[in-house]
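> Structure file data08.csv, CSV, C-alpha atoms, is pasted below:
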```csv
chain,number,residue,atom,x,y,z
A,85,MET,CA,87.7,107.3,114.2
A,86,GLY,CA,87.0,104.7,111.6
A,87,CYS,CA,87.9,101.1,112.2
A,88,ALA,CA,90.3,98.8,110.3
A,89,ILE,CA,89.8,95.3,111.5
A,90,VAL,CA,87.6,95.0,114.5
A,91,VAL,CA,88.2,92.1,116.8
A,92,HIS,CA,85.9,89.3,115.9
A,93,VAL,CA,85.7,90.2,112.2
A,94,TYR,CA,86.5,87.8,109.3
A,95,GLY,CA,89.7,88.3,107.3
A,96,GLY,CA,91.3,86.3,104.6
A,97,THR,CA,94.9,84.9,104.3
A,98,PRO,CA,96.8,85.4,101.0
A,99,THR,CA,99.6,82.8,101.5
A,100,GLU,CA,99.7,79.5,99.9
A,101,ALA,CA,98.4,76.4,101.7
A,102,THR,CA,96.6,78.5,104.3
A,103,PRO,CA,93.0,78.8,105.4
A,104,GLN,CA,90.5,81.1,103.8
A,105,GLU,CA,89.0,83.0,106.7
A,106,LEU,CA,90.0,83.9,110.2
A,107,ILE,CA,88.5,85.7,113.1
A,108,CYS,CA,90.7,88.1,115.0
A,109,ILE,CA,90.5,87.5,118.7
A,110,ARG,CA,93.2,89.6,120.2
A,111,VAL,CA,95.9,92.0,119.3
A,112,ILE,CA,99.4,91.3,120.6
A,113,GLY,CA,101.2,94.2,122.3
A,114,ALA,CA,98.0,96.1,123.2
A,115,SER,CA,95.6,95.5,125.9
A,116,ASN,CA,91.9,95.7,125.1
A,117,CYS,CA,92.5,97.1,121.7
A,118,ARG,CA,89.4,97.4,119.6
A,119,TYR,CA,90.9,98.0,116.2
A,120,THR,CA,93.9,96.7,114.3
A,121,TYR,CA,95.8,98.0,111.3
A,122,ILE,CA,98.4,96.9,108.9
A,123,GLY,CA,101.5,95.6,110.7
A,124,ASP,CA,99.7,94.4,113.9
A,125,VAL,CA,100.3,90.9,115.1
A,126,ILE,CA,97.0,89.3,116.1
A,127,ILE,CA,95.8,86.0,117.6
A,128,ALA,CA,93.1,84.5,115.4
A,129,VAL,CA,91.0,81.4,115.0
A,130,ILE,CA,90.5,79.6,111.7
A,131,LYS,CA,86.8,79.7,110.7
A,132,GLU,CA,87.0,78.4,107.2
A,133,ALA,CA,89.8,76.3,105.7
A,134,VAL,CA,90.6,74.9,102.3
A,135,PRO,CA,91.3,71.1,102.2
A,136,ASN,CA,94.7,69.5,102.3
A,137,ILE,CA,96.5,72.1,104.4
A,138,PRO,CA,98.3,71.5,107.7
A,139,LEU,CA,95.9,73.8,109.7
A,140,GLU,CA,92.4,73.0,110.7
A,141,ILE,CA,89.2,74.8,111.6
A,142,SER,CA,89.0,76.1,115.2
A,143,GLU,CA,92.8,76.2,115.5
A,144,MET,CA,94.4,79.2,117.2
A,145,ILE,CA,97.1,80.9,115.3
A,146,ARG,CA,99.1,84.1,115.1
A,147,ALA,CA,99.0,86.3,112.1
A,148,ILE,CA,100.2,89.7,110.8
A,149,ILE,CA,97.7,92.0,109.0
A,150,VAL,CA,99.0,92.9,105.6
A,151,ARG,CA,96.0,94.5,103.9
A,152,THR,CA,93.0,96.3,105.2
A,153,ARG,CA,89.9,97.8,103.6
A,154,LYS,CA,90.4,100.8,105.8
A,155,GLU,CA,92.7,103.3,104.2
A,156,LEU,CA,96.2,103.7,105.5
A,157,LYS,CA,97.7,107.2,105.6
A,158,HIS,CA,101.4,107.5,105.1
A,159,ASP,CA,103.6,110.3,106.3
A,160,ASN,CA,104.0,111.5,102.7
A,161,ARG,CA,100.3,112.3,102.5
A,162,MET,CA,99.6,109.2,100.4
A,163,ILE,CA,96.5,107.1,101.2
A,164,ILE,CA,96.4,103.4,100.3
A,165,GLN,CA,93.3,101.3,100.5
A,166,HIS,CA,92.9,97.7,99.6
A,167,ASP,CA,89.9,95.7,98.5
A,168,ASP,CA,90.1,93.1,101.3
A,169,ASN,CA,91.4,92.4,104.7
A,170,ALA,CA,94.2,89.9,104.6
A,171,THR,CA,96.8,88.4,107.0
A,172,VAL,CA,99.9,86.2,106.9
A,173,ILE,CA,100.0,83.4,109.3
A,174,ILE,CA,103.2,83.2,111.3
A,175,ASP,CA,104.7,80.9,113.9
A,176,GLN,CA,105.9,81.7,117.4
A,177,GLU,CA,109.2,83.0,116.1
A,178,GLY,CA,107.6,85.4,113.7
A,179,ASN,CA,108.5,83.4,110.5
A,180,PRO,CA,105.7,83.0,107.9
A,181,LYS,CA,104.2,79.5,107.8
A,182,GLY,CA,103.8,79.6,104.1
A,183,THR,CA,106.5,79.9,101.5
A,184,ARG,CA,105.0,82.5,99.1
A,185,ILE,CA,102.7,85.4,99.7
A,186,PHE,CA,100.1,86.6,97.1
A,187,GLY,CA,98.6,90.0,96.6
A,188,ALA,CA,99.8,93.5,97.2
A,189,ASN,CA,101.6,94.4,100.4
A,190,ALA,CA,101.9,97.8,102.0
A,191,PRO,CA,105.4,99.3,102.0
A,192,LYS,CA,104.9,100.0,105.7
A,193,LEU,CA,105.6,96.3,106.5
A,194,ARG,CA,109.3,96.8,105.8
A,195,GLN,CA,109.4,99.7,108.2
A,196,LEU,CA,107.8,97.6,110.9
A,197,ASN,CA,110.5,94.9,110.5
A,198,PHE,CA,108.4,92.5,108.5
A,199,THR,CA,111.0,92.3,105.7
A,200,LYS,CA,110.5,88.5,105.6
A,201,ILE,CA,107.0,88.9,104.4
A,202,VAL,CA,108.1,91.5,101.8
A,203,SER,CA,110.8,89.2,100.5
A,204,LEU,CA,108.4,86.3,100.1
A,205,ALA,CA,105.8,88.5,98.3
A,206,LEU,CA,105.2,88.1,94.7
A,207,GLU,CA,104.1,91.7,94.2
B,281,MET,CA,114.8,116.1,82.4
B,282,ALA,CA,111.4,114.6,83.4
B,283,VAL,CA,111.5,112.2,86.3
B,284,CYS,CA,108.5,109.9,86.6
B,285,SER,CA,107.1,108.0,89.6
B,286,THR,CA,104.1,105.8,89.8
B,287,THR,CA,101.7,106.4,92.6
B,288,THR,CA,98.1,105.8,93.6
B,289,LEU,CA,96.4,108.7,95.4
B,290,SER,CA,93.0,108.9,96.9
B,291,ILE,CA,91.9,112.5,97.4
B,292,GLY,CA,88.4,113.4,98.5
B,293,GLY,CA,86.9,110.4,97.0
B,294,SER,CA,88.6,110.8,93.6
B,295,VAL,CA,91.2,108.1,92.9
B,296,PHE,CA,94.1,108.9,90.7
B,297,SER,CA,96.5,106.4,89.6
B,298,GLY,CA,99.2,106.9,87.0
B,299,GLN,CA,102.5,108.6,86.6
B,300,LEU,CA,103.3,112.0,88.1
B,301,ARG,CA,105.9,114.1,86.6
B,302,HIS,CA,107.4,117.5,87.1
B,303,TRP,CA,105.0,120.1,85.8
B,304,GLU,CA,106.1,122.8,83.4
B,305,PRO,CA,103.6,125.6,83.0
B,306,ASN,CA,103.9,125.8,79.3
B,307,GLU,CA,102.5,122.4,78.7
B,308,SER,CA,99.3,122.7,80.6
B,309,LYS,CA,96.2,123.7,78.8
B,310,LEU,CA,94.5,124.8,82.1
B,311,PHE,CA,97.1,127.1,83.4
B,312,GLN,CA,97.5,129.4,80.5
B,313,LYS,CA,97.9,132.2,82.9
B,314,PRO,CA,100.4,131.2,85.6
B,315,ARG,CA,98.9,132.0,89.0
B,316,SER,CA,101.0,133.7,91.6
B,317,ARG,CA,100.8,130.8,94.0
B,318,PHE,CA,102.3,128.4,91.5
B,319,ARG,CA,104.8,130.7,89.9
B,320,CYS,CA,107.4,130.3,92.5
B,321,LEU,CA,107.1,126.6,92.4
B,322,CYS,CA,108.3,126.3,88.9
B,323,LEU,CA,111.8,127.2,89.9
B,324,ASN,CA,112.4,123.9,91.7
B,325,ASP,CA,110.6,120.8,90.6
B,326,LEU,CA,110.9,119.1,94.0
B,327,HIS,CA,109.2,121.9,95.8
B,328,LEU,CA,106.4,121.8,93.2
B,329,LEU,CA,105.6,118.2,94.0
B,330,ARG,CA,105.6,118.9,97.7
B,331,PHE,CA,103.4,121.9,97.5
B,332,ARG,CA,100.9,120.0,95.3
B,333,THR,CA,100.5,117.3,97.9
B,334,LYS,CA,100.0,119.9,100.6
B,335,THR,CA,97.2,121.6,98.7
B,336,LEU,CA,95.4,118.4,98.3
B,337,ASN,CA,95.0,118.1,102.0
B,338,PHE,CA,93.3,121.4,102.6
B,339,ASN,CA,90.2,121.3,104.8
B,340,PRO,CA,86.9,120.9,102.9
B,341,ARG,CA,86.0,124.5,103.5
B,342,GLY,CA,89.2,125.8,102.0
B,343,SER,CA,89.6,126.6,98.4
B,344,LEU,CA,90.6,123.4,96.7
B,345,LEU,CA,90.9,124.3,93.0
B,346,PRO,CA,88.8,122.0,90.9
B,347,SER,CA,91.4,122.6,88.2
B,348,LEU,CA,93.9,120.6,90.2
B,349,TYR,CA,91.7,117.5,89.9
B,350,ALA,CA,91.0,118.2,86.3
B,351,TYR,CA,94.7,118.7,85.7
B,352,GLY,CA,95.5,115.2,87.1
B,353,LYS,CA,92.7,113.6,85.1
B,354,GLU,CA,93.1,115.5,81.9
B,355,ALA,CA,96.9,115.2,81.8
B,356,ASP,CA,96.8,111.4,82.2
B,357,ASP,CA,96.0,110.8,78.5
B,358,ALA,CA,98.7,113.3,77.5
B,359,PHE,CA,101.1,111.7,79.8
B,360,LEU,CA,100.8,108.2,78.6
B,361,SER,CA,101.7,108.9,75.0
B,362,LYS,CA,104.5,111.3,75.7
B,363,VAL,CA,105.9,109.7,78.8
B,364,ASN,CA,106.7,106.4,77.1
B,365,GLU,CA,109.0,107.9,74.6
B,366,ASP,CA,110.7,110.2,77.0
B,367,THR,CA,111.1,107.6,79.8
B,368,ASP,CA,112.5,105.0,77.5
B,369,GLU,CA,115.2,107.4,76.3
B,370,MET,CA,115.8,108.7,79.7
B,371,PHE,CA,116.3,105.2,81.2
B,372,ASP,CA,118.5,104.2,78.4
B,373,ASP,CA,120.7,107.2,79.0
B,374,LEU,CA,120.8,106.6,82.7
B,375,MET,CA,121.7,102.9,82.3
B,376,LYS,CA,124.5,103.8,79.9
B,377,LYS,CA,125.9,106.4,82.3
B,378,TYR,CA,125.3,104.7,85.6
B,379,GLY,CA,124.1,101.2,85.1
B,380,GLU,CA,127.4,99.5,85.4
B,381,VAL,CA,128.6,101.7,88.2
B,382,VAL,CA,125.6,100.9,90.2
B,383,PHE,CA,126.2,97.2,89.7
B,384,ARG,CA,129.8,97.5,90.6
B,385,LYS,CA,129.1,99.2,93.9
B,386,ASN,CA,128.6,96.0,95.9
B,387,ASP,CA,131.5,96.3,98.3
B,388,LEU,CA,129.3,96.1,101.3
B,389,ALA,CA,127.6,92.9,100.0
B,390,VAL,CA,130.9,91.2,99.1
B,391,GLU,CA,132.5,92.1,102.4
B,392,MET,CA,129.5,90.8,104.3
B,393,ALA,CA,129.7,87.5,102.4
B,394,LYS,CA,133.4,87.3,103.3
B,395,VAL,CA,132.6,87.8,107.0
B,396,ALA,CA,130.0,85.1,106.8
B,397,SER,CA,132.5,82.8,105.2
B,398,ASP,CA,135.0,83.5,108.0
B,399,VAL,CA,132.4,82.3,110.5
B,400,LYS,CA,132.1,79.1,108.5
B,401,ALA,CA,128.7,79.8,107.0
B,402,ALA,CA,127.8,77.5,104.1
B,403,ASP,CA,126.6,78.0,100.6
B,404,ILE,CA,126.8,81.8,100.6
B,405,ARG,CA,125.1,83.4,97.7
B,406,VAL,CA,125.0,87.1,96.7
B,407,LEU,CA,122.1,88.0,94.4
B,408,PHE,CA,121.7,91.2,92.5
B,409,VAL,CA,117.9,91.6,92.9
B,410,LYS,CA,117.5,95.3,91.9
B,411,PRO,CA,115.9,94.4,88.5
B,412,LEU,CA,113.4,92.2,90.3
B,413,VAL,CA,112.4,94.2,93.4
B,414,TYR,CA,112.2,97.9,94.0
B,415,TRP,CA,113.0,97.9,97.7
B,416,THR,CA,116.5,96.6,97.8
B,417,ARG,CA,119.6,95.9,95.7
B,418,PHE,CA,121.4,92.8,97.0
B,419,PHE,CA,120.4,89.7,98.8
B,420,ILE,CA,122.9,87.7,100.8
B,421,ILE,CA,121.7,84.2,101.6
B,422,ALA,CA,123.8,82.0,103.9
B,423,THR,CA,123.3,78.8,105.8
B,424,ALA,CA,124.3,78.3,109.4
B,425,PHE,CA,124.1,75.0,111.3
B,426,SER,CA,123.2,76.2,114.7
B,427,ARG,CA,121.6,79.2,116.4
B,428,PRO,CA,124.8,80.3,118.1
B,429,GLN,CA,126.4,80.3,114.7
B,430,ILE,CA,123.6,82.4,113.4
B,431,ASP,CA,124.1,84.7,116.2
B,432,ALA,CA,127.8,84.9,115.5
B,433,ILE,CA,127.3,85.6,111.8
B,434,GLY,CA,124.7,88.2,112.6
B,435,SER,CA,126.8,90.0,115.1
B,436,ARG,CA,130.0,90.0,113.0
B,437,ILE,CA,128.0,91.4,110.0
B,438,ARG,CA,126.5,94.1,112.2
B,439,ASP,CA,129.8,95.1,113.6
B,440,LEU,CA,131.3,95.3,110.1
B,441,ALA,CA,128.5,97.4,108.7
B,442,GLU,CA,128.5,99.8,111.7
B,443,LYS,CA,132.2,100.3,111.9
B,444,LYS,CA,133.1,100.6,108.3
B,445,TYR,CA,129.9,101.9,106.6
B,446,GLY,CA,128.0,103.4,109.5
B,447,LYS,CA,124.9,101.4,108.8
B,448,VAL,CA,122.6,99.9,111.5
B,449,PRO,CA,120.4,97.1,110.5
B,450,SER,CA,116.7,96.6,111.2
B,451,GLY,CA,115.3,93.1,111.5
B,452,ASP,CA,115.8,90.2,113.9
B,453,ALA,CA,117.6,91.1,117.1
B,454,LYS,CA,117.4,87.6,118.5
B,455,PRO,CA,118.8,84.5,116.6
B,456,ASN,CA,116.0,82.9,114.7
B,457,SER,CA,115.8,79.9,112.4
B,458,TRP,CA,115.5,82.5,109.7
B,459,THR,CA,117.4,85.6,110.7
B,460,LEU,CA,117.1,88.6,108.5
B,461,LEU,CA,119.2,91.8,108.7
B,462,ASP,CA,118.0,94.7,106.6
B,463,PHE,CA,120.6,97.3,105.7
B,464,GLY,CA,118.5,99.0,103.1
B,465,ASP,CA,120.4,98.3,100.0
B,466,VAL,CA,121.6,94.9,101.2
B,467,VAL,CA,119.4,92.3,102.9
B,468,VAL,CA,121.1,89.4,104.7
B,469,HIS,CA,119.2,86.1,105.1
B,470,ILE,CA,120.7,83.5,107.5
B,471,PHE,CA,118.9,80.2,107.5
B,472,LEU,CA,119.1,76.9,109.2
B,473,PRO,CA,119.4,74.1,106.6
B,474,GLN,CA,115.7,73.0,107.0
B,475,GLN,CA,114.4,76.6,106.6
B,476,ARG,CA,116.6,77.3,103.6
B,477,ALA,CA,115.1,74.3,101.8
B,478,PHE,CA,111.6,75.1,103.0
B,479,TYR,CA,111.6,78.8,101.8
B,480,ASN,CA,113.9,78.2,98.8
B,481,LEU,CA,114.6,81.9,98.1
B,482,GLU,CA,117.1,81.1,95.4
B,483,GLU,CA,114.3,79.6,93.3
B,484,PHE,CA,112.0,82.5,94.0
B,485,TYR,CA,114.7,84.9,92.9
B,486,GLY,CA,116.0,82.7,90.2
B,487,ASN,CA,116.1,85.5,87.6
B,488,ALA,CA,118.5,87.5,89.8
B,489,THR,CA,122.1,87.8,88.8
B,490,LEU,CA,124.5,85.7,90.9
B,491,ILE,CA,127.5,87.7,91.9
B,492,GLU,CA,130.8,85.8,92.0
B,493,LEU,CA,132.6,86.0,95.3
B,494,PRO,CA,136.4,86.3,95.4
B,495,SER,CA,136.8,83.5,97.9
B,496,GLU,CA,135.2,80.0,97.9
B,497,THR,CA,132.7,79.3,100.6
B,498,GLN,CA,132.8,76.4,103.0
B,499,PRO,CA,131.2,73.1,101.8
B,500,PRO,CA,128.1,72.1,103.8
B,501,PHE,CA,128.7,69.6,106.6
B,502,HIS,CA,126.9,66.3,106.3
B,503,THR,CA,124.4,65.9,109.2
```
Would you mind writing the structure in this file as structure tokens?

Amino acid sequence: MGCAIVVHVYGGTPTEATPQELICIRVIGASNCRYTYIGDVIIAVIKEAVPNIPLEISEMIRAIIVRTRKELKHDNRMIIQHDDNATVIIDQEGNPKGTRIFGANAPKLRQLNFTKIVSLALE
Amino acid sequence: MAVCSTTTLSIGGSVFSGQLRHWEPNESKLFQKPRSRFRCLCLNDLHLLRFRTKTLNFNPRGSLLPSLYAYGKEADDAFLSKVNEDTDEMFDDLMKKYGEVVFRKNDLAVEMAKVASDVKAADIRVLFVKPLVYWTRFFIIATAFSRPQIDAIGSRIRDLAEKKYGKVPSGDAKPNSWTLLDFGDVVVHIFLPQQRAFYNLEEFYGNATLIELPSETQPPFHT
């Protein structure tokens, strides 16, 4: 089995006013899960941050994975692969912390009840 | 009538991106001699598409015809020049025939807006977002002033959709500061005032057509 995002691997965030790189620490909803895929909610720590944002380095946050370099196979035999690993930072209620989301999003997010992310996405 | 869809496929290391359309054997240079396995597929275009996707997932030891790959690659250039003329005419015909009818079929959206208005939701907007996004047709954006009110609006809308239209929403089950109900063609956004100002969806979908509602909505309360 190939891996998507392994716990403790860097990933970016495509929303406005959010940090550049995170490390995934844990996957919510699964115990001792080694790999995460699109649609998983993770707990991450900020490793690199751009200036003038409300979040700081070493802050623990929740995020949803929206893009992975590992290909995602759909039921209709289509395979989608992105160029980067990306997440959207959310709060405890599940609402995105940013107001707009950049980059492509997988259609699977809507099936997994993340329509808020899809509705804020530019693409 | 050709029907086109855009898709990106990754098959065996080869990446194809472009427009697929229903294949007619006369047009292909490769398949001068129709093969028996494809002959039956020409009868129904839908089955053709399905079968093609199946063959692409054969095991590596199976006979994957190299001509299938070549067909996709070679046909891309032919597609682009021919598809533009055909698709423009096709879409024009479709819009003339069905464009207005599709726009008018917003009974569900208007009724949901009316239900939200009955529960004293404020600043209700119904946006026709079909030209902007591919995944839905209408947005309903409403403001509620407390979480119990959000819960009440959500449950009334759910009841209406289930009883009258047989639709069950996906989305938030618990009341949230931004509650979203996804009915497929219609997506309902119920905000608290602070969240509505923060996310500002009306500005984001500013190019969407605003649908006029038959009844006026409640004016927002001053806090």
> For chain A against chain B, with a cut-off of 9 Å and counting only C-alpha atoms, what is the closest atom pair and its distance in Å to one decimal for every residue that makes the cut, ordered by chain and number, as JSON lines?

```
{"residue": "A:Asn160", "atom": "CA", "partner": "B:Thr333", "partner_atom": "CA", "distance": 8.3}
{"residue": "A:Arg161", "atom": "CA", "partner": "B:Thr333", "partner_atom": "CA", "distance": 6.8}
{"residue": "A:Met162", "atom": "CA", "partner": "B:Leu289", "partner_atom": "CA", "distance": 6.0}
{"residue": "A:Ile163", "atom": "CA", "partner": "B:Ser290", "partner_atom": "CA", "distance": 5.8}
{"residue": "A:Ile164", "atom": "CA", "partner": "B:Leu289", "partner_atom": "CA", "distance": 7.2}
{"residue": "A:Gln165", "atom": "CA", "partner": "B:Ser290", "partner_atom": "CA", "distance": 8.4}
{"residue": "A:Glu177", "atom": "CA", "partner": "B:Asn456", "partner_atom": "CA", "distance": 6.9}
{"residue": "A:Gly178", "atom": "CA", "partner": "B:Asn456", "partner_atom": "CA", "distance": 8.8}
{"residue": "A:Asn179", "atom": "CA", "partner": "B:Trp458", "partner_atom": "CA", "distance": 7.1}
{"residue": "A:Gly182", "atom": "CA", "partner": "B:Tyr479", "partner_atom": "CA", "distance": 8.2}
{"residue": "A:Thr183", "atom": "CA", "partner": "B:Tyr479", "partner_atom": "CA", "distance": 5.2}
{"residue": "A:Arg184", "atom": "CA", "partner": "B:Tyr479", "partner_atom": "CA", "distance": 8.0}
{"residue": "A:Pro191", "atom": "CA", "partner": "B:Trp415", "partner_atom": "CA", "distance": 8.8}
{"residue": "A:Arg194", "atom": "CA", "partner": "B:Trp415", "partner_atom": "CA", "distance": 9.0}
{"residue": "A:Gln195", "atom": "CA", "partner": "B:Ser450", "partner_atom": "CA", "distance": 8.5}
{"residue": "A:Leu196", "atom": "CA", "partner": "B:Gly451", "partner_atom": "CA", "distance": 8.8}
{"residue": "A:Asn197", "atom": "CA", "partner": "B:Gly451", "partner_atom": "CA", "distance": 5.2}
{"residue": "A:Phe198", "atom": "CA", "partner": "B:Gly451", "partner_atom": "CA", "distance": 7.5}
{"residue": "A:Thr199", "atom": "CA", "partner": "B:Gly451", "partner_atom": "CA", "distance": 7.3}
{"residue": "A:Lys200", "atom": "CA", "partner": "B:Leu460", "partner_atom": "CA", "distance": 7.2}
{"residue": "A:Ser203", "atom": "CA", "partner": "B:Leu481", "partner_atom": "CA", "distance": 8.6}
{"residue": "A:Leu204", "atom": "CA", "partner": "B:Leu481", "partner_atom": "CA", "distance": 7.9}
{"residue": "A:Leu206", "atom": "CA", "partner": "B:Phe484", "partner_atom": "CA", "distance": 8.8}
{"residue": "A:Glu207", "atom": "CA", "partner": "B:Val413", "partner_atom": "CA", "distance": 8.7}
```
> What is the CA of Asp167 in chain A-CA of Pro411 in chain B distance in Å, reported with one decimal?
27.9 Å
> Just the number, please: distance in Å from CA of Val466 in chain B to CA of Arg417 in chain B, one decimal.
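Atom-to-atom, CA of Val466 in chain B and CA of Arg417 in chain B are spaced 5.9 Å apart.
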> Just checking: using only C-alpha atoms, which residue out of A:Lys181, A:Val150, A:Val202, A:Cys108 ends up closest to Pro138 in chain A?
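Once distances to Pro138 in chain A are computed over only C-alpha atoms, the minimum belongs to A:Lys181.
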> Rounded to one decimal place, report the CA of Lys376 in chain B-CA of Ile491 in chain B distance in Å.
20.3 Å
